[in-house]
Amino acid sequence: MASYHLPVLVDACTALLADTPAGVLVDGTLGGGGHTQALLDRVGATHRVVGVDRDRDALAAARARFGDAPVTLVHGNFEDLPTLLPATLGAGVRVSGILLDLGVSSWQLDAPDRGFAIKHPDGALDMRMDQRDDAAPTALALIESLEAGPLARLLGEYGEVKAAGTIARRIKEAAAAGRLATTGDLAREVSAVSRFVPDRKAGKIHPATRVFQALRIAVNDELGALDRALAAAPDLLVDGGRLVVISYHSLEDRRVKHALRLGERGPDLPPRMPLPAGWAPTWRVLTKKSVEATAAEIADNPRARSARMRAAERAPRSTRRLA
Ligand SMILES: C[S@@+](CC[C@H](N)C(=O)[O-])C[C@H]1O[C@@H](n2cnc3c(N)ncnc32)[C@H](O)[C@@H]1O
């Protein structure tokens, strides 16, 4: 179980979450439970931990790992914390901390049948984090449902894929011809056209890496879930409670940075225009710059290279009544 997933930036994020009022800490992305274990080790006497994951396999592995440990395991999407937490803790209970360690786990990437990774060419093109979620399309169903134009836009937006139009047309042709069933098929079709496309990163990463990333983000509506969780978090936390988010690409990190800054300073307005009446800060940002892994951590865990951590503290709710 120790090899399920090596957690990143453990000391930095557990230190931030430990320094909160006694109460409940929520690990919204339980995965293999590495961060949850570190939290239990650090705050066992003052806080209890609730671990949430939308992947039932992660929950099953965590159940085996944690046994009798004081952690409550919940299946669900972190965007649904506003309903999951009352159902778990009781109505009106606010929590002391929320951790979101975004994206997929090493275990999901290493599971040959989940379709997340180029290195397992026989995986079905699935990529759903919750394989029993009928509302989420598989990657293949998503490809089949989109015309080449929207597919190209998706690849460009979520994967920053160069020559997305050429790649999208090739993928659609392959799907129509029945040549697209597995991760290996997708990687081969992308490679077939990417050879001819100048790419700053060619030679460093497989030409299909960013195509896989884009499809995974879309299949799981990862950015939508993040936006909704960022919007909901201030209401879920006690005053002085903390939100810690670890992102792995700029699309996520930009959203986190923007949401925290908006909660601290309010909307960007023309000079001398006052903030909307009744506006009050929800966040005090704790990380003016994102926190990154040290070279030593990256040497041990290459996945830490792209990790960016940001954190904020719930600003005190005003007790003043508005006239
Ligand atoms: C990077 S891993 C977390 C690893 C974990 N911190 C650890 O130490 O093992 C991300 C996990 O979050 C889950 N996940 C991603 N998006 C989610 C969401 N919107 N709601 C709930 N779980 C999510 C994934 O299924 C995966 O297990």
# chains A, B, ... in the order shown; residues from 1 in each chain; ligands from 1
$ residues_around --residues "A:Leu73" --least-positions-apart "3" --cutoff "8 Å" --atoms "only C-alpha atoms" --output "CSV table (one decimal) with C-alpha atoms, in the first residue's frame"
chain,number,residue,atom,x,y,z
A,50,VAL,CA,-12.6,13.0,6.8
A,51,GLY,CA,-11.3,11.5,3.6
A,52,VAL,CA,-13.2,12.0,0.3
A,59,LEU,CA,-11.9,4.3,-1.1
A,62,ALA,CA,-8.0,3.4,2.0
A,63,ARG,CA,-10.5,1.2,3.9
$ residues_near_ligand --ligand "ligand 1" --cutoff "6 Å" --atoms "only C-alpha atoms and all ligand atoms" --output "ChimeraX atom specification"
/A:5,7,28-35,52-55,58,76-79,101-105,129,225
$ write_last_selection --atoms "N, CA, C and O atoms" --output "short mmCIF file (atom, residue, chain, number, x, y, z; two decimals), in the first residue's frame"
data_model
loop_
_atom_site.label_atom_id
_atom_site.label_comp_id
_atom_site.auth_asym_id
_atom_site.auth_seq_id
_atom_site.Cartn_x
_atom_site.Cartn_y
_atom_site.Cartn_z
N HIS A 5 0.73 5.68 -3.82
CA HIS A 5 0.95 7.03 -4.32
C HIS A 5 1.83 7.76 -3.32
O HIS A 5 1.55 7.75 -2.12
N PRO A 7 2.81 10.97 -1.61
CA PRO A 7 2.24 12.32 -1.51
C PRO A 7 3.31 13.39 -1.66
O PRO A 7 4.46 13.19 -1.30
N GLY A 28 -9.98 16.18 0.68
CA GLY A 28 -10.97 16.06 -0.39
C GLY A 28 -10.52 15.18 -1.54
O GLY A 28 -11.30 14.88 -2.45
N THR A 29 -9.24 14.79 -1.52
CA THR A 29 -8.67 13.94 -2.59
C THR A 29 -7.84 12.85 -1.90
O THR A 29 -6.62 12.85 -1.97
N LEU A 30 -8.55 11.93 -1.28
CA LEU A 30 -7.93 10.92 -0.42
C LEU A 30 -6.86 10.10 -1.14
O LEU A 30 -5.78 9.86 -0.59
N GLY A 31 -7.16 9.65 -2.37
CA GLY A 31 -6.20 8.83 -3.14
C GLY A 31 -5.73 7.65 -2.32
O GLY A 31 -6.53 6.91 -1.76
N GLY A 32 -4.42 7.49 -2.20
CA GLY A 32 -3.86 6.40 -1.41
C GLY A 32 -3.79 6.72 0.06
O GLY A 32 -3.31 5.90 0.86
N GLY A 33 -4.20 7.92 0.45
CA GLY A 33 -4.25 8.27 1.87
C GLY A 33 -2.92 8.75 2.42
O GLY A 33 -2.77 8.86 3.64
N GLY A 34 -1.98 9.11 1.57
CA GLY A 34 -0.67 9.57 2.05
C GLY A 34 -0.78 10.85 2.86
O GLY A 34 -0.23 10.96 3.95
N HIS A 35 -1.54 11.83 2.34
CA HIS A 35 -1.71 13.08 3.08
C HIS A 35 -2.56 12.84 4.33
O HIS A 35 -2.28 13.40 5.39
N VAL A 52 -12.22 12.05 1.41
CA VAL A 52 -13.22 11.97 0.32
C VAL A 52 -12.50 11.62 -0.98
O VAL A 52 -11.42 12.17 -1.26
N ASP A 53 -13.08 10.73 -1.77
CA ASP A 53 -12.55 10.50 -3.12
C ASP A 53 -13.72 10.06 -4.01
O ASP A 53 -14.64 9.38 -3.55
N ARG A 54 -13.65 10.46 -5.28
CA ARG A 54 -14.71 10.06 -6.20
C ARG A 54 -14.41 8.69 -6.82
O ARG A 54 -15.25 8.15 -7.54
N ASP A 55 -13.22 8.17 -6.57
CA ASP A 55 -12.81 6.88 -7.15
C ASP A 55 -13.06 5.78 -6.11
O ASP A 55 -12.43 5.76 -5.05
N ALA A 58 -10.05 3.85 -4.90
CA ALA A 58 -9.24 4.55 -3.90
C ALA A 58 -9.85 4.37 -2.52
O ALA A 58 -9.14 4.12 -1.53
N GLY A 76 -17.32 10.38 -2.95
CA GLY A 76 -18.01 11.53 -3.55
C GLY A 76 -17.03 12.47 -4.21
O GLY A 76 -15.81 12.28 -4.16
N ASN A 77 -17.61 13.50 -4.83
CA ASN A 77 -16.84 14.50 -5.54
C ASN A 77 -16.64 15.69 -4.61
O ASN A 77 -17.60 16.14 -3.96
N PHE A 78 -15.44 16.24 -4.55
CA PHE A 78 -15.23 17.34 -3.60
C PHE A 78 -16.07 18.58 -3.93
O PHE A 78 -16.28 19.44 -3.10
N GLU A 79 -16.57 18.65 -5.16
CA GLU A 79 -17.45 19.79 -5.46
C GLU A 79 -18.75 19.67 -4.66
O GLU A 79 -19.49 20.65 -4.50
N ASP A 101 -5.63 17.89 -3.32
CA ASP A 101 -4.38 17.51 -4.02
C ASP A 101 -4.86 16.99 -5.38
O ASP A 101 -5.25 15.82 -5.51
N LEU A 102 -4.87 17.88 -6.38
CA LEU A 102 -5.68 17.67 -7.58
C LEU A 102 -5.13 16.60 -8.51
O LEU A 102 -3.98 16.16 -8.38
N GLY A 103 -5.96 16.24 -9.48
CA GLY A 103 -5.52 15.35 -10.55
C GLY A 103 -5.69 13.89 -10.22
O GLY A 103 -6.55 13.51 -9.43
N VAL A 104 -4.85 13.07 -10.86
CA VAL A 104 -4.96 11.62 -10.67
C VAL A 104 -3.79 11.13 -9.82
O VAL A 104 -2.75 11.77 -9.74
N SER A 105 -3.98 9.96 -9.22
CA SER A 105 -2.93 9.37 -8.38
C SER A 105 -2.04 8.48 -9.24
O SER A 105 -2.41 8.06 -10.35
N MET A 129 -12.75 8.92 -13.39
CA MET A 129 -12.26 8.64 -12.04
C MET A 129 -13.26 7.77 -11.29
O MET A 129 -12.88 6.93 -10.49
N ALA A 225 -15.25 21.13 -11.38
CA ALA A 225 -15.30 20.68 -9.98
C ALA A 225 -14.44 21.58 -9.10
O ALA A 225 -14.83 21.95 -7.99
#
$ closest_residue --among "A:Gly178, A:Arg56, A:Leu243, A:Ala293" --to "A:Arg132" --atoms "only C-alpha atoms"
A:Arg56
$ select_by_dssp --residues "stretch 200-282 of chain A" --states "helix (DSSP H, G or I)" --output "ChimeraX atom specification"
/A:209-219,222-236,250-265
$ residues_around --residues "A:Ala175" --least-positions-apart "4" --cutoff "9 Å" --atoms "only C-alpha atoms" --output "list in words"
Leu140, Ile143, Glu144, Arg170, Ile171, Arg179, Leu180 and Ala181 of chain A
$ closest_residue --among "A:Arg310, A:Arg169, A:Arg114, A:Arg210" --to "A:Gly156" --atoms "only C-alpha atoms"
A:Arg210
$ atom_distance --atom1 "atom CA of A:Pro267" --atom2 "atom CA of A:Pro281"
10.6 Å
$ residues_around --residues "A:Lys289" --least-positions-apart "6" --cutoff "12 Å" --atoms "only C-alpha atoms" --output "count of residues only"
11
$ select_by_dssp --residues "stretch 99-312 of chain A" --states "strand (DSSP E or B)" --output "JSON, numbers by chain"
{"A": [99, 100, 101, 124, 182, 202, 205, 237, 238, 239, 240, 241, 242, 243, 244, 245, 246, 247, 283, 284, 285, 291, 308, 309, 310, 311, 312]}
$ write_last_selection --atoms "C-alpha atoms" --output "short mmCIF file (atom, residue, chain, number, x, y, z; two decimals), in the first residue's frame"
data_model
loop_
_atom_site.label_atom_id
_atom_site.label_comp_id
_atom_site.auth_asym_id
_atom_site.auth_seq_id
_atom_site.Cartn_x
_atom_site.Cartn_y
_atom_site.Cartn_z
CA LEU A 99 -6.96 19.84 1.40
CA LEU A 100 -7.29 19.36 -2.37
CA ASP A 101 -4.38 17.51 -4.02
CA ALA A 124 -9.86 0.91 -22.80
CA THR A 182 -7.51 1.57 -26.59
CA ALA A 202 8.92 17.20 -28.83
CA ILE A 205 7.28 14.19 -23.78
CA LEU A 237 -14.71 26.59 6.98
CA VAL A 238 -14.71 28.00 10.50
CA ASP A 239 -13.13 31.43 10.95
CA GLY A 240 -9.38 30.78 10.85
CA GLY A 241 -9.92 27.49 9.00
CA ARG A 242 -7.63 26.85 6.03
CA LEU A 243 -7.84 25.72 2.44
CA VAL A 244 -4.75 24.13 0.90
CA VAL A 245 -4.71 23.27 -2.81
CA ILE A 246 -1.95 21.46 -4.71
CA SER A 247 -2.19 21.92 -8.51
CA TRP A 283 -9.81 34.78 2.48
CA ARG A 284 -6.48 35.86 3.88
CA VAL A 285 -3.96 34.46 1.44
CA VAL A 291 5.04 26.77 -2.83
CA ARG A 308 2.26 24.17 -6.91
CA MET A 309 0.68 24.64 -3.50
CA ARG A 310 -1.43 27.63 -2.48
CA ALA A 311 -3.23 28.19 0.82
CA ALA A 312 -5.57 30.68 2.41
#
$ atom_distance --atom1 "atom CA of A:Glu252" --atom2 "atom CA of A:Ser106"
18.5 Å
$ residues_around --residues "stretch 218-223 of chain A" --least-positions-apart "6" --cutoff "8 Å" --atoms "only C-alpha atoms" --output "list in words"
Gly103, Met127, Arg128, Met129, Ala136, Pro137, Thr138, Ala139, Leu142, Leu154, Tyr158, Leu251 and Glu252 of chain A
$ atom_distance --atom1 "atom CA of A:Glu189" --atom2 "atom CA of A:Ala111"
22.0 Å
$ closest_residue --among "A:Ser290, A:Ser191, A:Thr282, A:Ser96" --to "A:Arg314" --atoms "only C-alpha atoms"
A:Thr282
$ closest_residue --among "A:Val74, A:Ile98, A:Leu125, A:Ala45" --to "A:Asp27" --atoms "only C-alpha atoms"
A:Ile98
